[in-house]
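Peer 1: What follows is input.cif, made up of mmCIF, C-alpha atoms:
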```cif
data_protein
loop_
_atom_site.label_atom_id
_atom_site.label_comp_id
_atom_site.auth_asym_id
_atom_site.auth_seq_id
_atom_site.Cartn_x
_atom_site.Cartn_y
_atom_site.Cartn_z
CA MET A 1 -45.21 191.38 139.37
CA GLN A 2 -43.89 192.67 142.67
CA TYR A 3 -41.50 195.56 143.13
CA GLN A 4 -39.53 196.18 146.34
CA TRP A 5 -38.39 199.56 147.65
CA THR A 6 -36.45 199.88 150.90
CA LEU A 7 -37.13 203.28 152.47
CA ILE A 8 -34.13 204.98 154.06
CA ALA A 9 -34.73 208.26 155.89
CA GLY A 10 -33.13 211.20 154.13
CA VAL A 11 -31.85 209.03 151.27
CA ASN A 12 -34.81 207.90 149.17
CA ASP A 13 -37.94 209.19 150.89
CA SER A 14 -38.23 212.60 149.18
CA ALA A 15 -40.89 214.02 146.88
CA ASP A 16 -38.45 213.65 143.97
CA GLU A 17 -38.09 209.94 144.73
CA LEU A 18 -41.88 209.56 144.79
CA ALA A 19 -42.15 211.25 141.41
CA GLY A 20 -39.50 208.90 140.04
CA ILE A 21 -41.31 205.84 141.34
CA VAL A 22 -44.54 207.05 139.74
CA ARG A 23 -42.76 207.58 136.40
CA LEU A 24 -41.17 204.14 136.63
CA LEU A 25 -44.26 202.16 137.62
CA SER A 26 -47.24 204.04 136.17
CA GLY A 27 -49.25 201.78 133.93
CA LYS A 28 -47.45 198.64 135.08
CA TYR A 29 -49.41 195.73 136.51
CA GLY A 30 -47.97 194.94 139.91
CA VAL A 31 -47.59 195.83 143.57
CA LEU A 32 -44.90 198.00 145.10
CA ASN A 33 -43.80 196.81 148.54
CA LEU A 34 -42.44 199.71 150.58
CA ILE A 35 -40.09 198.30 153.20
CA PRO A 36 -38.87 200.65 155.93
CA TYR A 37 -35.16 200.13 156.57
CA ASN A 38 -34.22 198.41 159.82
CA THR A 39 -31.55 200.38 161.61
CA VAL A 40 -28.23 198.55 161.99
CA ASP A 41 -25.68 199.45 164.68
CA GLY A 42 -22.58 200.99 163.16
CA LEU A 43 -24.30 202.23 159.99
CA SER A 44 -25.48 205.81 159.54
CA PHE A 45 -28.71 204.93 157.70
CA GLU A 46 -31.98 205.40 159.57
CA ARG A 47 -35.52 204.10 159.33
CA PRO A 48 -38.10 206.71 158.29
CA SER A 49 -40.91 207.46 160.71
CA TRP A 50 -44.03 205.34 160.34
CA GLU A 51 -45.99 208.48 159.52
CA ARG A 52 -43.63 209.35 156.65
CA ALA A 53 -43.71 205.82 155.25
CA ALA A 54 -47.53 205.71 155.44
CA GLU A 55 -47.81 209.10 153.75
CA MET A 56 -45.56 207.92 150.93
CA ALA A 57 -47.73 204.83 150.45
CA ARG A 58 -50.87 207.01 150.34
CA GLN A 59 -49.33 209.38 147.79
CA LEU A 60 -48.18 206.53 145.55
CA HIS A 61 -51.58 204.87 145.76
CA ARG A 62 -53.30 208.15 144.81
CA ALA A 63 -50.93 208.40 141.83
CA GLY A 64 -52.07 204.97 140.63
CA VAL A 65 -49.26 202.80 141.99
CA LEU A 66 -50.68 199.91 144.03
CA THR A 67 -48.58 200.05 147.19
CA LYS A 68 -48.24 197.93 150.34
CA LEU A 69 -46.35 199.01 153.43
#
```
Produce structure tokens that represent the structure in this file.

Peer 2:
Amino acid sequence: MQYQWTLIAGVNDSADELAGIVRLLSGKYGVLNLIPYNTVDGLSFERPSWERAAEMARQLHRAGVLTKL
């Protein structure tokens, strides 16, 4: 099973979001694909920094959620 999560800076890249993902996917067999949002002209959403996205992937992996970035 594959799960997809689009990372949007300031929207769903917080510690609370990480905890929610861990609760949702712990014990499930699958891979979580973290996909940094691509900025679109005219929309206020922004891509998180690469460092933030990589840190999220590391934290999820340490919590037992197989994660690809």

Peer 1: Measure the distance from CA of Ile8 in chain A to CA of Ser49 in chain A in Å and round it to one decimal.

Peer 2: 9.8 Å

Peer 1: Just so the selection is clear, what residues does the PyMOL selection byres ((chain A and resi 30) around 12) cover here, as a list in words?

Peer 2: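 With the shown file as input, the PyMOL selection byres ((chain A and resi 30) around 12) matches Met1, Gln2, Tyr3, Gln4, Leu24, Leu25, Ser26, Gly27, Lys28, Tyr29, Val31, Leu32, Asn33, Gly64, Val65, Leu66, Thr67 and Lys68 of chain A.
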
Peer 1: Kindly save the residues from that selection, with C-alpha atoms included, as a short mmCIF file (atom, residue, chain, number, x, y, z; two decimals), keeping the file's coordinate frame.

Peer 2:
```
data_model
loop_
_atom_site.label_atom_id
_atom_site.label_comp_id
_atom_site.auth_asym_id
_atom_site.auth_seq_id
_atom_site.Cartn_x
_atom_site.Cartn_y
_atom_site.Cartn_z
CA MET A 1 -45.21 191.38 139.37
CA GLN A 2 -43.89 192.67 142.67
CA TYR A 3 -41.50 195.56 143.13
CA GLN A 4 -39.53 196.18 146.34
CA LEU A 24 -41.17 204.14 136.63
CA LEU A 25 -44.26 202.16 137.62
CA SER A 26 -47.24 204.04 136.17
CA GLY A 27 -49.25 201.78 133.93
CA LYS A 28 -47.45 198.64 135.08
CA TYR A 29 -49.41 195.73 136.51
CA VAL A 31 -47.59 195.83 143.57
CA LEU A 32 -44.90 198.00 145.10
CA ASN A 33 -43.80 196.81 148.54
CA GLY A 64 -52.07 204.97 140.63
CA VAL A 65 -49.26 202.80 141.99
CA LEU A 66 -50.68 199.91 144.03
CA THR A 67 -48.58 200.05 147.19
CA LYS A 68 -48.24 197.93 150.34
#
```

Peer 1: By how many Å are CA of Leu43 in chain A and CA of Trp5 in chain A apart?

Peer 2: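 Interatomic distance here is 18.9 Å.
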
Peer 1: Please provide as a list in words all residues within 12 Å of Glu46 in chain A, with the sequence filter that same-chain residues fewer than 5 positions apart are discarded (counting only C-alpha atoms).

Peer 2: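 Surrounding residues, per the criterion: Thr6, Leu7, Ile8, Ala9, Gly10, Val11, Asn12, Asp13, Pro36, Tyr37, Asn38, Thr39, Val40 and Asp41 of chain A.
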
Peer 1: If I take CA of Arg52 in chain A and CA of Glu17 in chain A, how far is one from the other in Å, to one decimal?

Peer 2: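 If I compute the distance from CA of Arg52 in chain A to CA of Glu17 in chain A, I get 13.2 Å.
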
Peer 1: Smallest atom-to-atom distance to Ile35 in chain A: which of A:Leu69, A:Ala63, A:Met56, A:Ala15, using all atoms listed in the file?

Peer 2: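 Of all the options, A:Leu69 lies closest to Ile35 in chain A.
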